[in-house]
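Visitor: Okay, here's the structure, questions in a sec.
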Amino acid sequence: MEKQKSFESLVEAFEGKLTDADRELINIILGEPSEAVYLSSAELASKAAVHASTVVRLARKLGFDGFPDMRRRLRQDVEVKKIASDKIRQRIDLIEKGSNLSDLIESEIAAIAAISNTVSQSQIDSVVDKIESAKSIFIVGRGSAAPLMIHFERRLRRSGIYCRVALNLQRRDLAEQLVGIQKGDAIVIFGFQSFNSLPSGYSALIESARSVGAHSIAIGDATILTTRPKPDMVLSVSRPNEGVMQLRSGPMLVCEALAMTLLHKKSKKAVQGMEALEHLRANFLGVKEGK
């Protein structure tokens, strides 16, 4: 018997158009699923500041008979996650309550534990295959994604993968950075918390990649599930209380998984990159200060 798809999986697989109102509803549902399952269509619409009919249209777009059918699926998703979170709760109950540190630890434990709900090793393997075969990697993002982008670029560079980082660029400058993009190249896009967090000119970015046969890969939270046009591959790391904490522990772990999988494959690029790095390190460490 085929496993029933979750609401989040249905959003990711949806090929049609999503309006701004649809995205707002989806962000609220995925950001606060435990609350959303108790809301009526009118209450959910009010929370998203959209018309009540938009909720019904979204449900039908995603293949449900109507809002009640969609809400039943959401309740099933919440129940599945509750079973997993109860196990986590038994662990984090040992953490002392009432301090910023303990709250932060609790939040990050829950965020990391939730990764397996949305990202699989097979997805990691598929993305690594595209990165490994690419001649050039373009890493694109803005704002709070900067530390993660820089770290990911460093991890890939150490494995012999040539990367170019395009951070906080406007459309004209981004277009200039992408001059020369070729078939088989890969664009890795980071996005978090809202559609506005995506790079300026996101749609043109995806369409340009598609027109030349380059691969587009998106890494982020539930926001990237609603982006259109859709990237070729998506690694969505949704976390509990999406809007509360700003840390990127989940996406950072996914980036580490990509880098480690690349090394474990012992690809020619990765092996040559590590050998070159070790050779350079030996040369630098062997040179006396002032020489």
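Labels for the structure tokens follow display order: chains A, B, ..., residues from 1 in each chain, ligands from 1.
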Which residues, written as a VMD selection string, have at least one atom at most 9 Å from Ile137 in chain A, with only C-alpha atoms counted and residues fewer than 6 positions away on the same chain left out?
Guide: chain A and resid 131 153 161 to 165 185 to 188
Visitor: Near Glu12 in chain A, counting only C-alpha atoms, which residues have an atom at most 9 Å away, once you skip same-chain residues fewer than 5 positions from it, shown as a list of chain:residue names?
Guide: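 My reading of the contact set: A:Phe7, A:Ile224, A:Leu225, A:Thr226, A:Lys230, A:Val234.
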Visitor: How would the residues just picked look written out with N, CA and C atoms as an mmCIF file, in the first residue's frame?
Guide:
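Wrote part.cif, looks like this:
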data_model
loop_
_atom_site.group_PDB
_atom_site.id
_atom_site.type_symbol
_atom_site.label_atom_id
_atom_site.label_comp_id
_atom_site.auth_asym_id
_atom_site.auth_seq_id
_atom_site.Cartn_x
_atom_site.Cartn_y
_atom_site.Cartn_z
ATOM 1 N N PHE A 7 0.991 16.848 3.875
ATOM 2 C CA PHE A 7 0.622 18.139 3.302
ATOM 3 C C PHE A 7 1.850 18.812 2.696
ATOM 4 N N ILE A 224 10.761 27.694 0.568
ATOM 5 C CA ILE A 224 11.182 27.309 -0.776
ATOM 6 C C ILE A 224 10.234 26.296 -1.414
ATOM 7 N N LEU A 225 9.338 25.708 -0.602
ATOM 8 C CA LEU A 225 8.362 24.783 -1.175
ATOM 9 C C LEU A 225 7.318 25.519 -2.010
ATOM 10 N N THR A 226 7.153 26.804 -1.741
ATOM 11 C CA THR A 226 6.115 27.575 -2.426
ATOM 12 C C THR A 226 6.663 28.440 -3.559
ATOM 13 N N LYS A 230 9.478 26.364 -9.969
ATOM 14 C CA LYS A 230 10.106 25.447 -9.030
ATOM 15 C C LYS A 230 11.539 25.148 -9.452
ATOM 16 N N VAL A 234 14.903 20.302 -4.336
ATOM 17 C CA VAL A 234 14.622 21.075 -3.129
ATOM 18 C C VAL A 234 15.031 20.284 -1.892
#
Visitor: Looking only at strand (DSSP E) from DSSP on the backbone, list the matching residues of range 31-209 of chain A as an MDAnalysis selection string.
Guide: chainID A and resid 137:141 163:167 186:191
Visitor: From the DSSP assignment of the backbone, select every residue of range 65-230 of chain A that is alpha helix (DSSP H), and format the answer as a PyMOL selection string.
Guide: chain A and resi 67-92+100-113+121-133+146-158+171-177+202-212
Visitor: Measuring atom to atom with only C-alpha atoms, identify which of A:Ser211, A:Ser203, A:Gln177, A:Asn117 is nearest to Thr227 in chain A.
Guide: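 Among the listed residues, A:Ser203 lies closest to Thr227 in chain A.
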Visitor: Looking at A:Ile181, A:Ala111, A:Leu169, A:Ile28, which one is nearest to Gln193 in chain A, with distances taken over only C-alpha atoms?
Guide: A:Ile28
Visitor: Give the answer as one residue: which of A:Leu167, A:Ala114, A:Leu247, A:Ala257 has the shortest atom-to-atom distance to Phe138 in chain A, using only C-alpha atoms?
Guide: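 Distance minimum relative to Phe138 in chain A lands on A:Leu167.
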Visitor: Identify which of the residues A:Glu79, A:Glu256, A:Lys61, A:Ala218 lies closest to Pro33 in chain A, counting only C-alpha atoms when measuring atom-to-atom distances.
Guide: A:Glu79
